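Engineer: Got a structure for you, target-v5.txt, holding compact mmCIF, C-alpha atoms.
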# COMPACT_ATOMS: atom_id res chain seq x y z
CA MET A 72 29.51 15.39 4.43
CA PRO A 73 26.33 13.49 5.43
CA LEU A 74 25.52 13.42 9.12
CA GLN A 75 26.56 10.23 10.88
CA HIS A 76 25.42 8.56 14.05
CA THR A 77 26.31 5.48 16.05
CA ILE A 78 23.80 2.67 16.36
CA GLN A 79 23.42 0.37 19.33
CA ASP A 80 23.44 -3.41 19.01
CA ASN A 81 20.04 -4.74 18.10
CA SER A 82 19.44 -8.44 17.43
CA ASP A 83 16.75 -7.59 14.88
CA TRP A 84 19.35 -5.92 12.69
CA ALA A 85 21.38 -9.13 12.48
CA TRP A 86 18.45 -10.56 10.55
CA HIS A 87 18.41 -7.55 8.24
CA ASP A 88 22.15 -7.81 7.66
CA ALA A 89 21.99 -11.55 6.95
CA ASN A 90 19.28 -11.00 4.36
CA ARG A 91 20.94 -7.91 2.82
CA LEU A 92 18.03 -5.65 3.77
CA SER A 93 18.08 -2.08 5.01
CA ARG A 94 17.92 -1.54 8.74
CA VAL A 95 14.82 0.45 9.68
CA ILE A 96 13.43 2.11 12.81
CA ASN A 97 9.74 2.77 12.24
CA VAL A 98 8.31 5.92 13.81
CA ASN A 99 5.87 6.33 10.93
CA GLY A 100 3.14 4.02 12.22
CA THR A 101 1.44 0.82 11.11
CA MET A 102 2.28 1.34 7.45
CA THR A 103 2.07 -1.47 4.90
CA SER A 104 5.14 -0.12 3.11
CA LEU A 105 7.19 -0.88 6.24
CA GLY A 106 5.63 -4.25 6.98
CA ALA A 107 2.86 -2.73 9.15
CA SER A 108 3.92 -4.07 12.57
CA ARG A 109 5.97 -6.58 14.50
CA ALA A 110 4.21 -9.88 15.04
CA HIS A 111 4.25 -11.22 18.59
CA PRO A 112 6.31 -14.45 18.87
CA GLU A 113 3.12 -16.39 19.62
CA VAL A 114 1.57 -15.09 16.40
CA ALA A 115 4.68 -16.02 14.43
CA HIS A 116 4.62 -19.49 15.99
CA ALA A 117 0.93 -20.01 15.14
CA THR A 118 1.60 -18.92 11.57
CA ALA A 119 4.55 -21.28 11.20
CA GLN A 120 2.75 -24.22 12.81
CA ALA A 121 -0.14 -24.06 10.35
CA MET A 122 2.22 -24.40 7.41
CA GLY A 123 3.01 -27.98 8.39
CA HIS A 124 -0.57 -29.24 8.37
CA PHE A 125 -3.44 -29.93 6.03
CA LEU A 126 -6.82 -28.57 7.09
CA ARG A 127 -10.22 -27.65 5.71
CA ILE A 128 -10.10 -23.98 4.75
CA HIS A 129 -13.85 -23.44 5.20
CA GLU A 130 -13.69 -25.04 8.64
CA MET A 131 -10.85 -22.70 9.57
CA GLN A 132 -12.86 -19.72 8.34
CA ALA A 133 -15.73 -20.85 10.58
CA ARG A 134 -13.26 -20.92 13.47
CA ALA A 135 -12.11 -17.42 12.49
CA SER A 136 -15.73 -16.25 12.42
CA GLU A 137 -16.15 -17.25 16.07
CA THR A 138 -13.09 -15.23 17.03
CA ILE A 139 -14.16 -12.23 14.93
CA SER A 140 -17.58 -12.28 16.60
CA ALA A 141 -15.99 -12.27 20.04
CA LEU A 142 -13.62 -9.48 19.02
CA THR A 143 -16.13 -7.18 17.32
CA GLY A 144 -19.57 -8.10 18.63
CA ALA A 145 -20.68 -8.88 15.08
CA GLU A 146 -22.89 -11.79 14.08
CA ALA A 147 -20.16 -13.33 11.92
CA GLY A 148 -16.89 -12.66 10.14
CA CYS A 149 -14.35 -13.94 7.68
CA LEU A 150 -10.72 -13.35 6.71
CA THR A 151 -9.28 -12.11 3.42
CA ALA A 152 -5.82 -11.42 2.06
CA SER A 153 -5.88 -7.78 3.25
CA ALA A 154 -8.19 -5.01 4.37
CA SER A 155 -8.16 -3.65 0.82
CA ALA A 156 -9.37 -7.04 -0.40
CA GLY A 157 -11.94 -6.90 2.39
CA ILE A 158 -13.44 -3.74 0.88
CA THR A 159 -13.72 -5.45 -2.51
CA PHE A 160 -15.29 -8.57 -0.97
CA ALA A 161 -17.75 -6.49 1.04
CA VAL A 162 -18.78 -4.39 -1.96
CA ALA A 163 -19.20 -7.48 -4.11
CA GLY A 164 -21.24 -9.23 -1.44
CA CYS A 165 -23.65 -6.31 -1.23
CA MET A 166 -24.07 -6.53 -5.00
CA THR A 167 -24.54 -10.28 -5.42
CA GLY A 168 -26.06 -11.47 -2.19
CA LEU A 169 -25.88 -15.25 -1.95
CA ASP A 170 -26.39 -15.86 -5.67
CA PRO A 171 -23.35 -17.77 -7.00
CA VAL A 172 -24.31 -17.00 -10.62
CA ARG A 173 -24.02 -13.28 -9.91
CA ALA A 174 -20.79 -13.79 -7.94
CA GLU A 175 -19.23 -15.61 -10.90
CA ALA A 176 -20.35 -12.84 -13.27
CA LEU A 177 -18.27 -10.15 -11.53
CA PRO A 178 -16.67 -7.86 -12.49
CA ARG A 179 -17.86 -7.86 -16.13
CA ASN A 180 -21.57 -8.02 -15.22
CA PRO A 181 -22.19 -6.23 -11.91
CA GLY A 182 -25.95 -6.60 -12.09
CA PRO A 183 -28.80 -4.16 -11.49
CA ARG A 184 -27.46 -2.77 -8.19
CA SER A 185 -23.84 -1.76 -8.58
CA GLU A 186 -23.42 1.82 -7.31
CA ILE A 187 -21.55 2.48 -4.08
CA LEU A 188 -22.17 5.81 -2.36
CA VAL A 189 -19.04 7.46 -0.91
CA GLN A 190 -18.55 10.99 0.37
CA ALA A 191 -16.12 12.85 -1.89
CA GLY A 192 -13.93 13.66 1.10
CA HIS A 193 -13.56 9.93 1.80
CA LEU A 194 -12.19 9.04 -1.65
CA CYS A 195 -8.64 9.02 -0.35
CA GLY A 196 -5.53 7.00 -1.10
CA TYR A 197 -3.98 4.54 1.34
CA GLY A 198 -1.25 3.32 -1.01
CA ALA A 199 -3.90 2.84 -3.70
CA PRO A 200 -7.16 4.71 -4.29
CA VAL A 201 -10.20 3.63 -2.26
CA SER A 202 -12.10 3.81 -5.54
CA THR A 203 -9.94 1.02 -6.98
CA ALA A 204 -10.93 -1.40 -4.22
CA ILE A 205 -14.56 -0.66 -5.06
CA GLU A 206 -14.20 -0.85 -8.82
CA LEU A 207 -12.33 -4.16 -8.74
CA ALA A 208 -15.69 -5.72 -7.88
CA GLY A 209 -17.23 -4.20 -11.00
CA ALA A 210 -19.04 -1.56 -8.96
CA THR A 211 -19.32 2.13 -9.78
CA VAL A 212 -18.34 4.84 -7.30
CA LYS A 213 -21.03 7.47 -6.80
CA SER A 214 -19.40 10.46 -5.16
CA ILE A 215 -21.49 12.40 -2.66
CA GLY A 216 -21.03 16.14 -2.11
CA GLN A 217 -17.73 17.96 -2.47
CA SER A 218 -14.41 17.05 -0.89
CA THR A 219 -14.88 19.55 1.94
CA LEU A 220 -18.65 19.47 2.31
CA ALA A 221 -21.13 16.62 2.14
CA MET A 222 -24.70 17.15 3.34
CA ASP A 223 -27.64 14.97 4.25
CA HIS A 224 -29.73 15.87 1.22
CA GLN A 225 -26.84 14.97 -1.11
CA LEU A 226 -26.61 11.49 0.39
CA ARG A 227 -30.39 11.04 0.22
CA GLY A 228 -30.41 12.28 -3.35
CA GLY A 229 -27.63 9.88 -4.28
CA VAL A 230 -29.72 6.82 -3.46
CA SER A 231 -31.25 5.18 -6.51
CA PRO A 232 -32.47 1.72 -7.61
CA MET A 233 -28.82 1.13 -8.64
CA THR A 234 -27.44 1.65 -5.13
CA ALA A 235 -25.87 -1.44 -3.56
CA ALA A 236 -24.28 0.08 -0.42
CA GLY A 237 -22.78 3.12 1.20
CA LEU A 238 -19.07 3.07 2.09
CA TYR A 239 -17.81 5.11 5.05
CA VAL A 240 -14.02 5.50 5.31
CA VAL A 241 -12.32 6.08 8.67
CA SER A 242 -8.72 7.13 8.09
CA HIS A 243 -6.20 9.88 8.78
CA HIS A 244 -6.14 10.35 5.00
CA VAL A 245 -9.76 11.54 4.65
CA VAL A 246 -11.02 15.12 4.99
CA HIS A 247 -11.77 15.67 8.68
CA TYR A 248 -14.35 18.41 8.44
CA GLY A 249 -17.56 19.02 6.52
CA GLN A 250 -18.38 15.30 6.35
CA ILE A 251 -21.62 13.55 7.27
CA PRO A 252 -21.05 11.96 10.71
CA PHE A 253 -21.12 8.20 10.86
CA ALA A 254 -24.34 7.89 12.86
CA ARG A 255 -26.15 10.16 10.42
CA PHE A 256 -24.68 8.34 7.41
CA VAL A 257 -26.03 5.05 8.81
CA GLU A 258 -29.44 6.56 9.56
CA ILE A 259 -29.89 7.93 6.04
CA CYS A 260 -28.66 4.76 4.32
CA HIS A 261 -30.75 2.45 6.48
CA SER A 262 -33.86 4.56 6.00
CA ALA A 263 -33.41 3.89 2.26
CA GLY A 264 -32.75 0.18 2.80
CA ILE A 265 -29.07 0.51 1.93
CA PRO A 266 -26.38 -1.42 3.88
CA VAL A 267 -23.34 0.44 5.22
CA ILE A 268 -19.76 -0.78 4.84
CA VAL A 269 -17.07 0.79 7.04
CA ASP A 270 -13.42 0.83 6.03
CA ALA A 271 -11.76 0.92 9.45
CA ALA A 272 -8.50 -0.77 8.51
CA SER A 273 -6.30 1.15 10.95
CA GLU A 274 -8.72 1.59 13.86
CA TYR A 275 -8.44 0.44 17.45
CA ASP A 276 -12.20 0.52 17.93
CA LEU A 277 -13.23 -2.95 16.84
CA GLN A 278 -16.76 -2.86 18.26
CA GLY A 279 -18.06 0.70 18.00
CA PHE A 280 -18.92 0.70 14.29
CA ILE A 281 -20.91 -2.53 14.45
CA ALA A 282 -22.67 -1.33 17.60
CA ALA A 283 -23.49 1.97 15.86
CA GLY A 284 -25.15 0.23 12.92
CA ALA A 285 -22.48 -0.77 10.38
CA ASP A 286 -23.64 -3.77 8.38
CA LEU A 287 -20.06 -4.71 7.50
CA ALA A 288 -16.82 -3.40 8.99
CA VAL A 289 -13.39 -4.08 7.52
CA TYR A 290 -10.22 -4.12 9.66
CA SER A 291 -6.57 -4.99 9.22
CA ALA A 292 -5.10 -7.92 11.14
CA HIS A 293 -1.51 -6.85 10.51
CA LYS A 294 -1.53 -3.26 11.77
CA PHE A 295 -2.33 -2.55 15.41
CA MET A 296 -3.09 -6.22 16.10
CA GLY A 297 0.34 -7.34 14.93
CA GLY A 298 -0.84 -10.33 12.94
CA PRO A 299 0.26 -11.55 9.51
CA THR A 300 -1.06 -9.70 6.47
CA ALA A 301 -4.82 -10.24 6.47
CA GLY A 302 -8.13 -8.43 6.31
CA ILE A 303 -11.03 -8.93 8.72
CA ILE A 304 -14.66 -8.59 7.61
CA ALA A 305 -17.19 -8.44 10.44
CA GLY A 306 -20.93 -7.83 10.37
CA ARG A 307 -24.33 -9.19 9.51
CA ARG A 308 -24.28 -12.93 8.95
CA ASP A 309 -26.02 -12.79 5.58
CA LEU A 310 -23.65 -10.14 4.22
CA VAL A 311 -20.57 -11.87 5.61
CA ARG A 312 -21.68 -15.04 3.84
CA ALA A 313 -22.23 -13.05 0.63
CA ALA A 314 -18.76 -11.49 0.96
CA TYR A 315 -17.17 -14.89 1.56
CA LEU A 316 -18.97 -16.29 -1.51
CA GLN A 317 -16.73 -14.04 -3.64
CA ASN A 318 -13.96 -16.62 -3.24
CA ILE A 319 -15.60 -18.49 -6.15
CA GLY A 320 -15.03 -15.47 -8.39
CA ILE A 321 -13.11 -12.22 -8.09
CA GLY A 322 -12.00 -13.12 -4.57
CA ARG A 323 -9.99 -16.11 -5.73
CA GLY A 324 -6.97 -13.92 -6.41
CA MET A 325 -7.39 -12.27 -2.99
CA LYS A 326 -7.70 -15.46 -0.95
CA ILE A 327 -6.01 -15.88 2.39
CA GLY A 328 -3.84 -18.91 3.16
CA LYS A 329 -3.99 -21.25 6.12
CA GLU A 330 -0.85 -19.77 7.70
CA SER A 331 -2.22 -16.23 7.66
CA MET A 332 -5.56 -17.40 9.02
CA ALA A 333 -3.86 -19.16 11.92
CA GLY A 334 -1.73 -16.12 12.68
CA ALA A 335 -4.68 -13.73 12.40
CA ILE A 336 -6.80 -15.82 14.78
CA CYS A 337 -3.93 -15.84 17.28
CA ALA A 338 -3.42 -12.07 16.89
CA MET A 339 -7.12 -11.41 17.52
CA GLU A 340 -7.09 -13.60 20.63
CA MET A 341 -3.99 -11.83 21.93
CA TRP A 342 -5.54 -8.41 21.22
CA MET A 343 -8.49 -9.28 23.44
CA ALA A 344 -6.09 -10.24 26.25
CA ARG A 345 -3.62 -7.38 25.72
CA ASP A 346 -2.77 -4.86 28.44
CA HIS A 347 -3.62 -1.78 26.38
CA ALA A 348 -3.00 0.61 29.27
CA ALA A 349 0.58 -0.65 29.63
CA ALA A 350 1.20 -0.16 25.91
CA ARG A 351 -0.12 3.41 26.07
CA SER A 352 2.09 4.12 29.10
CA ALA A 353 5.24 2.96 27.28
CA GLU A 354 4.34 5.08 24.25
CA ARG A 355 3.74 8.13 26.44
CA SER A 356 7.15 7.71 28.05
CA ALA A 357 8.81 7.81 24.63
CA LEU A 358 6.88 10.94 23.66
CA GLU A 359 7.84 12.76 26.83
CA MET A 360 11.50 11.78 26.44
CA TRP A 361 11.52 13.12 22.88
CA MET A 362 9.80 16.32 23.96
CA SER A 363 12.55 17.02 26.48
CA GLN A 364 15.30 16.22 23.97
CA PHE A 365 13.99 18.48 21.20
CA ALA A 366 12.70 21.40 23.27
CA GLY A 367 14.73 24.56 22.87
CA ILE A 368 16.30 23.73 19.49
CA PRO A 369 16.08 26.86 17.33
CA GLY A 370 13.36 26.64 14.70
CA ILE A 371 11.94 23.41 16.12
CA LEU A 372 8.60 23.17 17.93
CA PRO A 373 7.79 19.70 19.31
CA ARG A 374 4.27 19.08 20.57
CA ILE A 375 2.19 16.04 21.39
CA VAL A 376 -0.92 15.64 19.20
CA SER A 377 -3.86 13.25 19.28
CA ASP A 378 -4.76 10.77 16.55
CA PRO A 379 -7.18 12.42 14.08
CA THR A 380 -9.59 9.47 13.96
CA GLY A 381 -9.85 9.11 17.72
CA ASN A 382 -7.59 6.12 18.21
CA PRO A 383 -6.26 6.05 21.80
CA LEU A 384 -2.74 7.12 20.88
CA ASP A 385 -0.67 10.28 20.58
CA ARG A 386 2.25 11.26 18.39
CA LEU A 387 4.99 13.85 18.59
CA GLN A 388 4.61 16.52 15.93
CA ILE A 389 7.75 18.43 15.01
CA ASP A 390 7.03 21.76 13.36
CA VAL A 391 10.05 23.16 11.51
CA ASP A 392 10.57 26.88 10.92
CA ALA A 393 12.82 26.57 7.87
CA GLU A 394 14.09 30.15 8.13
CA VAL A 395 15.38 29.58 11.65
CA ALA A 396 16.30 25.88 11.50
CA GLY A 397 18.16 26.24 8.20
CA SER A 398 16.35 23.39 6.45
CA THR A 399 12.81 22.16 5.85
CA ALA A 400 10.69 19.48 7.44
CA ALA A 401 10.66 17.62 4.11
CA ALA A 402 14.45 17.68 3.74
CA ILE A 403 14.96 16.54 7.33
CA ALA A 404 12.46 13.69 6.89
CA LEU A 405 14.22 12.56 3.68
CA HIS A 406 17.60 12.75 5.38
CA LEU A 407 16.46 10.62 8.33
CA GLY A 408 15.23 7.99 5.91
CA ARG A 409 18.68 7.76 4.31
CA LEU A 410 20.58 7.04 7.52
CA ASP A 411 21.66 3.58 8.66
CA PRO A 412 19.49 2.48 10.31
CA ALA A 413 16.88 4.52 8.49
CA ILE A 414 14.56 6.44 10.78
CA VAL A 415 11.27 6.56 8.89
CA VAL A 416 9.04 9.34 10.19
CA ARG A 417 5.39 10.08 9.52
CA ASN A 418 5.63 12.48 6.59
CA HIS A 419 2.30 12.37 4.75
CA GLU A 420 1.72 16.09 5.43
CA VAL A 421 5.33 17.20 5.30
CA GLU A 422 4.57 19.96 2.80
CA LEU A 423 2.79 21.75 5.67
CA GLY A 424 6.11 22.13 7.48
CA TYR A 425 6.03 19.29 9.97
CA PHE A 426 6.52 15.57 10.44
CA GLN A 427 5.49 13.28 13.26
CA LEU A 428 6.95 10.48 15.35
CA ASP A 429 4.67 7.55 16.14
CA PRO A 430 5.88 5.40 19.06
CA CYS A 431 3.55 2.41 18.62
CA ASN A 432 6.05 0.12 16.85
CA LEU A 433 9.23 0.73 18.84
CA ALA A 434 11.44 -2.14 19.95
CA PRO A 435 13.37 -1.85 23.24
CA GLY A 436 16.11 0.76 22.93
CA GLU A 437 14.81 2.32 19.71
CA ALA A 438 13.16 5.31 21.38
CA GLU A 439 16.56 6.30 22.74
CA ILE A 440 18.21 5.91 19.31
CA VAL A 441 15.53 8.05 17.71
CA GLY A 442 15.86 10.74 20.36
CA ARG A 443 19.63 10.89 20.26
CA THR A 444 19.87 10.77 16.47
CA LEU A 445 17.09 13.22 15.74
CA ARG A 446 18.46 15.74 18.25
CA GLU A 447 21.81 15.58 16.45
CA VAL A 448 20.13 16.00 13.07
CA LEU A 449 17.95 18.90 14.22
CA LEU A 450 20.89 20.73 15.79
CA SER A 451 22.76 20.42 12.49
CA ALA A 452 19.79 20.98 10.21
CA SER A 453 21.44 23.88 8.40
CA SER A 454 23.87 21.39 6.83
CA ILE A 455 21.03 19.40 5.20
CA PRO A 456 20.46 20.53 1.58
CA HIS A 457 16.86 21.31 0.72
CA SER A 458 14.91 22.09 -2.42
CA ALA A 459 11.38 22.70 -3.59
CA ASP A 460 11.17 19.06 -4.73
CA ASP A 461 11.70 17.55 -1.28
CA ALA A 462 8.04 17.46 -0.29
CA ASP A 463 7.12 15.73 -3.55
CA ASP A 464 9.97 13.25 -3.06
CA ALA A 465 8.75 12.48 0.44
CA ARG A 466 5.13 12.02 -0.62
CA ASN A 467 5.94 10.04 -3.77
CA GLY A 468 8.51 7.75 -2.22
CA GLY A 469 6.22 4.75 -2.54
CA VAL A 470 5.78 5.19 -6.29
CA ALA A 471 9.49 5.78 -6.74
CA ALA A 472 10.24 2.57 -4.87
CA TYR A 473 7.91 0.57 -7.12
CA MET A 474 9.61 1.99 -10.19
CA SER A 475 13.23 1.74 -9.07
CA TRP A 476 13.70 -1.47 -7.08
CA LEU A 477 15.19 -3.31 -10.07
CA SER A 478 17.17 -0.37 -11.41
Please re-express this file's structure in structure tokens.

Structural biologist:
Amino acid sequence: MPLQHTIQDNSDWAWHDANRLSRVINVNGTMTSLGASRAHPEVAHATAQAMGHFLRIHEMQARASETISALTGAEAGCLTASASAGITFAVAGCMTGLDPVRAEALPRNPGPRSEILVQAGHLCGYGAPVSTAIELAGATVKSIGQSTLAMDHQLRGGVSPMTAAGLYVVSHHVVHYGQIPFARFVEICHSAGIPVIVDAASEYDLQGFIAAGADLAVYSAHKFMGGPTAGIIAGRRDLVRAAYLQNIGIGRGMKIGKESMAGAICAMEMWMARDHAAARSAERSALEMWMSQFAGIPGILPRIVSDPTGNPLDRLQIDVDAEVAGSTAAAIALHLGRLDPAIVVRNHEVELGYFQLDPCNLAPGEAEIVGRTLREVLLSASSIPHSADDADDARNGGVAAYMSWLS
């Protein structure tokens, strides 16, 4: 018999039920596959309001640029359909400059400077390969070093007359040791006259990369900021203009609409006014409550861990000793995702014997549901079937969903 648990009333779930959609509690994080985040009511209102009006898109992008500059400290900025699109725009802009003929020629004719330098350990996947976002512009990825070791001389040696830019990826998915530090990466690229693009889609730090020398930085508007789906490009005015020029070519299919622009501008303004300390305090309370609920369960070791990229947030890591607990971390994570409501945990490293709980997207009352439900599941873990395929199933869930949604 599958484990059962009782859910509390939650007005959000009435919407799910009315639209015949699964009920979900997200303790995974700001993941695109879960809708990334909850938009603040003011953001939702701004998004809806824009849909009822005509406006000049370029004028609205100029308005967005003002907000992006205030948010990031950059000279200028623009909005795209997503952060992934932002990488493609940024790469293309570094290749074409402000030449519309070259912009229209992409991707079939990338021109004389079309190589993008990336450390091998940064060529990760975020739902799609980073390399794809680069190659959509017609550029070529030039991998630097090995996945676990990249050195200064390898980056210097990678620069050639074909080099258009260096891309630095900041993500929990990249290799976190043996990489060239950001400041050094910038120094080497700039000494060779090469601009630096930073993929910082899921980062809180919206000013540090520009201040440290990034020529273009790409962020997500719909993750920590809680806006509609959108990408933010911030940086040097000439390169932002070159990136925006891509809307006449490859960027046309990645364009952002008026409603998302309005919502993104509102989300950025609210982020600048947000009480970040209060948000961190609420998250810490959830972590400490979970720690007390899971402590002492045989085979279970809960511990609070920091974010690997330095974001100001912590998560609860639950290490599972399968021999003692009677099931594996992967099987438990899969089981939680099959409950109603589904409790979707952070499972990208579940094959290592643990999963994590991220409190940044909890609605009122959900921390208690997670604690109560997960304690019940962990105490009864020996009744959860497990197999060698569970870790693969957990990691490949996104692909399986793409393939099976119409089955």

Engineer: Find the residues around stretch 337-348 of chain A up to 10 Å (all atoms listed in the file counted), leave out those fewer than 4 positions away in its own chain, and share them as a ChimeraX atom specification.

Structural biologist: /A:110-111,113-118,135,138-139,141-143,292-293,295-299,303,331-333,352-354,383

Engineer: Rounded to one decimal place, report the atom CA of A:Gln388-atom CA of A:Arg417 distance in Å.

Structural biologist: 9.1 Å

Engineer: For each of A:Ala396, A:Ala366, A:Leu405, A:Ala208, take the minimum atom-to-atom distance to A:Gly442, counting all atoms listed in the file, then give the residue where this is smallest.

Structural biologist: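 For A:Gly442, the nearest of the given residues is A:Ala366.
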
Engineer: Quick one: distance from atom CA of A:Ala263 to atom CA of A:Arg184 in Å, one decimal?

Structural biologist: 13.7 Å

Engineer: Here is a test: counting only C-alpha atoms, which residue of A:Pro412, A:Gly237, A:Pro178, A:Gly328 is nearest to A:Ala301?

Structural biologist: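 Closest to A:Ala301, using only C-alpha atoms: A:Gly328.
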
Engineer: For A:Lys326, find every residue with an atom within 9 Å (counting all atoms listed in the file), except residues of its own chain fewer than 4 positions away, and show them as number ranges by chain.

Structural biologist: A: 150-153, 156, 318, 322

Engineer: Here is a test: counting only C-alpha atoms, which residue of A:Phe365, A:Tyr197, A:Phe426, A:Tyr275 is nearest to A:Thr444?

Structural biologist: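 Answer, going by the shortest atom-to-atom distance: A:Phe365.
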
Engineer: Kindly indicate which residue among A:Ala305, A:Leu449, A:Ile414, A:Ala191 lies nearest to A:Pro373, using all atoms listed in the file for the distances.

Structural biologist: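 Closest candidate: A:Leu449.
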
Engineer: With only C-alpha atoms as the basis for distance, which of A:Ile327, A:Val246, A:Ala204, A:Ile265 is at the shortest distance from A:Leu226?

Structural biologist: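 Checking each candidate against A:Leu226, we get A:Ile265 as the closest.
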
Engineer: What is the distance between atom CA of A:Ser202 and atom CA of A:Gly182, in Å to one decimal?

Structural biologist: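 Answer for the atom CA of A:Ser202 to atom CA of A:Gly182 separation: 18.5 Å.
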
Engineer: Pick the closest to A:Gly408 from A:Val230, A:Val289, A:Ala133, A:Val98: which is it, counting all atoms listed in the file?

Structural biologist: A:Val98

Engineer: For a cut-off of 7 Å around (-9.1, 11.7, 12.3), file coordinates, pick out all residues using all atoms listed in the file and list them as a list in words.

Structural biologist: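 Within the cut-off we find Ser242, His243, His247, Asp378, Pro379, Thr380 and Gly381 of chain A.
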
Engineer: Counting all atoms listed in the file, which residues have an atom no more than 7 Å from (-26.6, -5.3, 9.5) in the file's coordinates? Please list them as a list in words.

Structural biologist: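 Residues with an atom close enough to that point: Pro266, Gly284, Ala285, Asp286, Leu287, Gly306 and Arg307 of chain A.
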
Engineer: When you look at A:Leu316 with a cut-off of 9 Å (counting all atoms listed in the file), what residues show up, excluding the ones that are within fewer than 6 positions of it in the same chain? I need them as an MDAnalysis selection string.

Structural biologist: chainID A and resid 160 164 168:171 174 322
